[in-house]
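Q: I have a structure I would like to understand better, so I am pasting it below and will then ask my questions one at a time.
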Amino acid sequence: MKLSLYTLSDCQLDRKEYERIVDETKRAILSSFNDDSAYSGLDPLRLRKEISSLSILDDEGIGFDAALKEIKEKVMSNLLRTWSRSYMPHLHSPALLESLAAEMIISAFNDSMDSWDQGPAATEIEVKVIKDLLTLYGFDSTKGDGAFTSGGSQSNMTAIIAARDGYIKERLGWDVKKKGLPSVFPRLRLYTSAISHFSMDKSAHILGLGYDAVRHIPVNERCQVDIPSFEKMVREDIDAGLLPFMAVATLGSTDFGSIDSTDRMREITREYGMRLHLDAAYGSALILSERERERLGNVSLADSITIDFHKMFLLPISCSAILFQKKEDTEPFELHADYLNREEDEEDGFINLVDKGMQTTRRFDALKVLFSFKARGRKSYASMIEKDLDNARYAYQMLKNDDSFIAPVYPELSSLVFCLKGGDEINVRVRRHLLSEGIVIGQTKMDGAVMLKLTLLNPNLEKSDLDSLIAHIKEIAGRI
Ligand SMILES: Cc1ncc(COP(=O)(O)O)c(C=O)c1O
C-alpha cells in the first residue's frame, strides 16, 4: 500500500484522513460556540496574553488532533462570529451555507487563477461569470471585461490605474506603462464625495498621485455628492490649470448607504472628458432586487464598477470584482513572462487571467458566486437583500420615534447611523460596554460627533432583535 499523509492524493490513507479531518474540524467549529453572542468579550490585553502563550513552531509537531484541540480552545473560542445576530458593526457579513461548500472545494483543489494551466476550468468559469456579470450590470459583454480581486479597495485601485493610464494616453499621448508618470502628474485630479471610501486616498498615494490629487466633493442632506459643487470644483480646477481625469460615484457609502447619482455625474464627466467609476462595493447587490434596483440609477453609463461579493451578497472573504465597459481598460495589467503567460498561449486560445489584474497567484473566488447564484437564484437573493433594507427602515423609525436618540439620515441601504442624546462620551461607553457582552455594533463620526452604527447584513436578523437591542442600549446608557 502507498503511504502518504502529506496531501490529498489517490492513496486510500489520504482520502480517509481527509474525511476524518473535515469531520473533526466541523465538530470543533460547531462546538466552539453555544450561544448567539458575536464574541467572547475578552478585552485586548487578556486576549493578547492568552494568544502569546501559544508556541507556534517547535522541532516536533503535535499532530492534527492536538493542534486542532489547542486551536479550538485558544483561537476559535475567541474568533468573531459573523453569523451572530449580535454582530452588526461593519460591511462584514456572515457567509451563506452553500458558499462554505464552495470554499472547501476552492481550498482542496487549490487551483490558481494566474494561468490557464493552473486552473483550466477555474479560468473558464471566471471568464463566464465575468461575462454574465457584465450583462447583469448592463455592460456589453462582448466589449467589456473584468477580473476578480481581493476586495473593494483593490477593485477601486484597479479602476483608478486604468482611468489614469487611459486618460494620460488619450489626452497627453504618453505611455505610463513604459515611461512612468509624465511631468504634469501633480496636476491630475480625481473627484469623489467627502464621505467616499478611504481607498481612493490610499490608492492616490500608492499610485504616486498623492492625497492632494483627490478632491472631496461636499454632500447634500442625503449624504450624496452635491452635483452643483462637483461641477463648480471641476470648472475651477480646469481654470487653475489642473487635469480632472476621473470621478468616482459611491453607490452605497460605507456609513450611510447613500447613493450618488450616476446619471448626473456622467453628464459632468462626459462634458469634461473624464472617466466615471462606480464604487458599488456595498450597493451592487441591489441589482438582484426588482423592488430596489432602480435606486442604483443607470449603472451601465459608467466606465467601470466595483462589486463586492463579501458584503451584501453574503459570500466569504475575499470575493470582489471589477468590471470595465471596454476590455482595453485591462491593458495596463498585461505583461508577459516566459514561465507563465506566453503570448503564443493567447493566440492558441489559452486565457491567462494574470493579464487582467494586479495579483499573480489568486484564489478561485468566482466559484463562490457561481455556487450561491445557482443554489439560490435571483429571487431568494432579492428577498434576503430586501429584508436587510426593511430592517434598517424599521430601526430608523424606532429611533426617530424615541426621544433618547438622534437618527439624522434615512438609510438608503441597510446601514443606520444614530446616537444617544447626551454627547460623545456616553455613546463611546455604551459601544464598549456592548462589546464586553459580546454584542458588536459600529461607531463612526458625523460632522465631528461620535455616532453609533448598525450595518444590517444578516438574513436571520428579525425586527424583534432590533427592538431588544435598542431597549438594551437605552438600559445601559441609563446605568452608566
Ligand atoms: C463603499 C466601499 N468601498 C470600498 C470598500 C473597501 O472594500 P474592501 O474592504 O473589500 O477592500 C468598502 C469597505 O467597507 C466600502 O464600504
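Identifiers for the C-alpha cells are assigned positionally: chains receive A, B, ... in sequence, residues are indexed from 1 per chain, and ligands are indexed from 1 in the order shown.
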Grab me every residue within 7 Å of ligand 1, counting only C-alpha atoms and all ligand atoms, and send it over as a list in words.

A: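 Written in the requested form, the residues are Leu91, Ser150, Gly151, Gly152, Ser153, Gln154, Ser196, His197, Ser199, Thr250, Gly252, Ser253, Thr254, Asp279, Ala280, Ala281, Tyr282, Asp308 and Ser320 of chain A.
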
Q: Tell me, as a PyMOL selection string, which residues lie within 12 Å of Ala321 (chain A), counting only C-alpha atoms; anything in the same chain fewer than 5 positions away does not count.

A: chain A and resi 126-127+129-131+133-134+145-159+279-281+284+304-310+356-357+365-366+369

Q: Residues of region 319-480 of chain A classed as alpha helix (DSSP H) by DSSP on the backbone are to be reported as a PyMOL selection string.

A: chain A and resi 343-347+366-400+424-436+463-479

Q: Within 9 Å of Asn391 (chain A), counting only C-alpha atoms, which residues show up once you throw out same-chain ones fewer than 5 positions away? Write them as a PyMOL selection string, please.

A: chain A and resi 386+396+414+456+461-463+466
